[in-house]
Amino acid sequence: MRHTSALAVVGLVSCMTLGACSDNEPAATPPASPTPSTSSSATPTPTPTGPPQSSDEPVHEDEPKLPELAKEHSQAGAKAFIRHFVEVLNQTHESQSSRTLRSLGSKDCEVCGVLGDFVDSKRQAGGYQRGGDWNLLEVQPVGSDGRNELTLITEIQVTPGVSKASAEAPRKRIEARKIFNEFYVSWTDGAWLVDDLRPA
Amino acid sequence: MTSLTDSVVWMAMMGSGAAVTLYAPPGDLADCLASAVDEAAVIACFAEASGSAGQPPTNPGGPPGSGSEGDLTSYRFEWLPACPGAFPENPGATEVTCASMLLCPTPDLVRQTLWGQRLTNAAGNNVADGWTTFGTECRSPVDLGPVAQQRQLTWTDVLSAVRRVGIPPEQVEAPNYTLVNLETTFYTTPAPIDRSLTIIGYAVDVHIEPTSYTWDWGDGSSGTTTTPGEPYPNTDVTHTYDHATRDGPSNAVSVDVTYSIRYRVDGGEWLEVPETITIAGEATGLPIKQAAAVLVAQDD
């Protein structure tokens, strides 16, 4: 059972390693960059650009780079990692590549695979997504079940957009809305990874 | 968080009880994904298909077990502010505040984490699990704290627990051998059993008392008594054999003991379980010999 440990361990570790019991959390959390510069406009694009020319997964060199802070084993590092995850997710709308997104999930992250398949199947079928980006308004840790695992709540504004599942599918409107998600992340082999992602 | 595939059963606070199957049956992920318009919808599909795994129970009450009869897995639960510094059993844990607990759709709600601790396994034995989080939910602040009592213990829970724990079988106390046509004394030595069990979160004292004995004499006959018998020369329980076993296997004698059960919850009034438990006994070998007539000279 993940995220399970003795109560004493939970409390001690959270205080000692993640700064959960003090106000000393590193203040170096970078400001959110809710819409990466490389992502498409939030405004629905009336005319689809069509599928990539190749069925191979496209490679984009301008993908968001993992911030240095997101490499830190701290609450601030975990929060920066979540912000990076959101940037990468938004980037998939343009790149239609799930490669980087998948790399941010652990082997246990089933929903990460489902998200990757969602991106890939759309590309392979000639679909697309314009807008529907995640604007990360807030990310806060809610607890830790151990030194290497952390749960964070996110408040996200989804921008309006349009989506087509395939070349033949009807274009659907993505409604602007606010969502809350729980991110379960773990510190594995010197990096944060997403273990799970759920509506909250 | 709990495992996606765990068939988790929601049970009691210590001394109180709540039981409900945590996860709904899996939905059809493919159908849901086919209509998903964006990533948020995909995540929602996955959560629904995995049975709302990770989400707190919306109905912490209901029947015990995970659908299997006699499952005595039990938990206790506590809703606490969804804050890094709020842990179960800590004084003032419900008073902890933080930024994350304010991440809710409306300002009148507070994000809370459901903590659970497994108390007993499926067999009803106490376990020493740590506290586990079961996800967060935006709820009214007045709902913070231990999950209230939802379910009463019943005698069937006690009976199931006693069956799980088990009662040792009795053996017949018999002589090394006996003779045809000789009234032979038998007895057994059952004793009342007193146990303290944790059953779906309740502290239960159980008193198990032998009430009747069904004897299998091994020669095709049987009998029932309300006493366990006593050693010879007492003749409370006797049997007379008609045939010897000298040229065959030893006679297999056994006694099945029926027990009545009383129980009390948290030191309260003693209650009767209306059904009894009968425990099959272990066989004891008993050779039956034929007494031979011998002429003896008598000196006058």
# chains A, B, ... in the order shown; residues from 1 in each chain; ligands from 1
call {"tool": "select_by_dssp", "arguments": {"residues": "segment 132-275 of chain B", "states": "helix (DSSP H, G or I)", "output": "number ranges by chain"}}
result
B: 141-143, 155-165
call {"tool": "interface_residues", "arguments": {"of": "chain B", "to": "chain A", "cutoff": "7 Å", "atoms": "only C-alpha atoms", "output": "tab-separated table (two decimals) with N, CA and C atoms, in the first residue's frame"}}
result
chain	number	residue	atom	x	y	z
B	1	MET	N	-1.96	6.59	-0.01
B	1	MET	CA	-3.17	6.19	-0.70
B	1	MET	C	-3.27	4.68	-0.72
B	2	THR	N	-4.45	4.21	-0.80
B	2	THR	CA	-4.63	2.78	-0.89
B	2	THR	C	-4.37	2.31	-2.31
B	3	SER	N	-4.14	1.01	-2.43
B	3	SER	CA	-3.95	0.45	-3.75
B	3	SER	C	-5.24	0.53	-4.54
B	37	VAL	N	-12.78	15.07	-23.83
B	37	VAL	CA	-12.41	16.17	-24.72
B	37	VAL	C	-11.02	16.72	-24.40
B	38	ASP	N	-10.58	16.53	-23.14
B	38	ASP	CA	-9.26	17.05	-22.77
B	38	ASP	C	-8.67	16.20	-21.64
B	39	GLU	N	-7.50	16.63	-21.17
B	39	GLU	CA	-6.78	15.83	-20.18
B	39	GLU	C	-7.54	15.71	-18.87
B	42	VAL	N	-9.86	13.05	-19.20
B	42	VAL	CA	-9.18	11.76	-19.20
B	42	VAL	C	-8.89	11.32	-17.77
B	43	ILE	N	-8.40	12.23	-16.97
B	43	ILE	CA	-8.09	11.91	-15.58
B	43	ILE	C	-9.36	11.50	-14.83
B	44	ALA	N	-10.44	12.21	-15.11
B	44	ALA	CA	-11.71	11.86	-14.47
B	44	ALA	C	-12.18	10.48	-14.91
B	46	PHE	N	-10.30	8.01	-15.84
B	46	PHE	CA	-9.47	6.98	-15.22
B	46	PHE	C	-9.88	6.77	-13.76
B	47	ALA	N	-10.14	7.86	-13.08
B	47	ALA	CA	-10.55	7.74	-11.67
B	47	ALA	C	-11.86	6.98	-11.56
B	82	ALA	N	-6.46	19.11	5.40
B	82	ALA	CA	-5.48	18.62	4.42
B	82	ALA	C	-4.24	19.48	4.50
B	83	CYS	N	-3.52	19.27	5.57
B	83	CYS	CA	-2.31	20.06	5.84
B	83	CYS	C	-1.17	19.12	6.19
B	84	PRO	N	0.05	19.53	5.87
B	84	PRO	CA	1.20	18.69	6.20
B	84	PRO	C	1.33	18.43	7.70
B	85	GLY	N	0.85	19.32	8.53
B	85	GLY	CA	1.07	19.17	9.96
B	85	GLY	C	-0.06	18.49	10.71
B	99	ALA	N	-2.42	26.60	3.75
B	99	ALA	CA	-2.94	27.14	2.50
B	99	ALA	C	-3.71	26.08	1.71
B	100	SER	N	-3.25	24.83	1.74
B	100	SER	CA	-3.87	23.81	0.89
B	100	SER	C	-5.30	23.51	1.31
B	103	LEU	N	-8.01	25.22	-0.71
B	103	LEU	CA	-8.17	24.95	-2.15
B	103	LEU	C	-9.45	24.16	-2.38
B	130	GLY	N	0.05	1.20	10.24
B	130	GLY	CA	0.14	2.63	10.46
B	130	GLY	C	-1.06	3.33	9.83
B	131	TRP	N	-1.14	4.63	10.03
B	131	TRP	CA	-2.22	5.42	9.42
B	131	TRP	C	-1.93	5.63	7.94
B	132	THR	N	-2.96	5.59	7.15
B	132	THR	CA	-2.86	5.75	5.71
B	132	THR	C	-3.82	6.85	5.26
B	136	THR	N	-8.35	13.31	-0.45
B	136	THR	CA	-8.90	14.52	0.16
B	136	THR	C	-10.28	14.81	-0.42
B	137	GLU	N	-10.99	15.65	0.28
B	137	GLU	CA	-12.33	16.05	-0.15
B	137	GLU	C	-12.66	17.38	0.52
call {"tool": "atom_distance", "arguments": {"atom1": "atom CA of Asp120 of chain A", "atom2": "atom CA of Leu101 of chain A"}}
result
11.1 Å
call {"tool": "select_by_dssp", "arguments": {"residues": "segment 99-274 of chain B", "states": "strand (DSSP E)", "output": "number ranges by chain"}}
result
B: 110-120, 131-139, 145-146, 178-179, 184-185, 193-199, 202-216, 222-225, 238-239, 251-265, 271-274
call {"tool": "atom_distance", "arguments": {"atom1": "atom CA of Asp157 of chain B", "atom2": "atom CA of Leu197 of chain B"}}
result
11.2 Å
call {"tool": "closest_residue", "arguments": {"among": "A:Phe81, A:Val86, A:Thr100, A:Asn135", "to": "Glu63 of chain A", "atoms": "only C-alpha atoms"}}
result
A:Thr100
call {"tool": "atom_distance", "arguments": {"atom1": "atom CA of Leu72 of chain B", "atom2": "atom CA of Glu269 of chain B"}}
result
22.6 Å
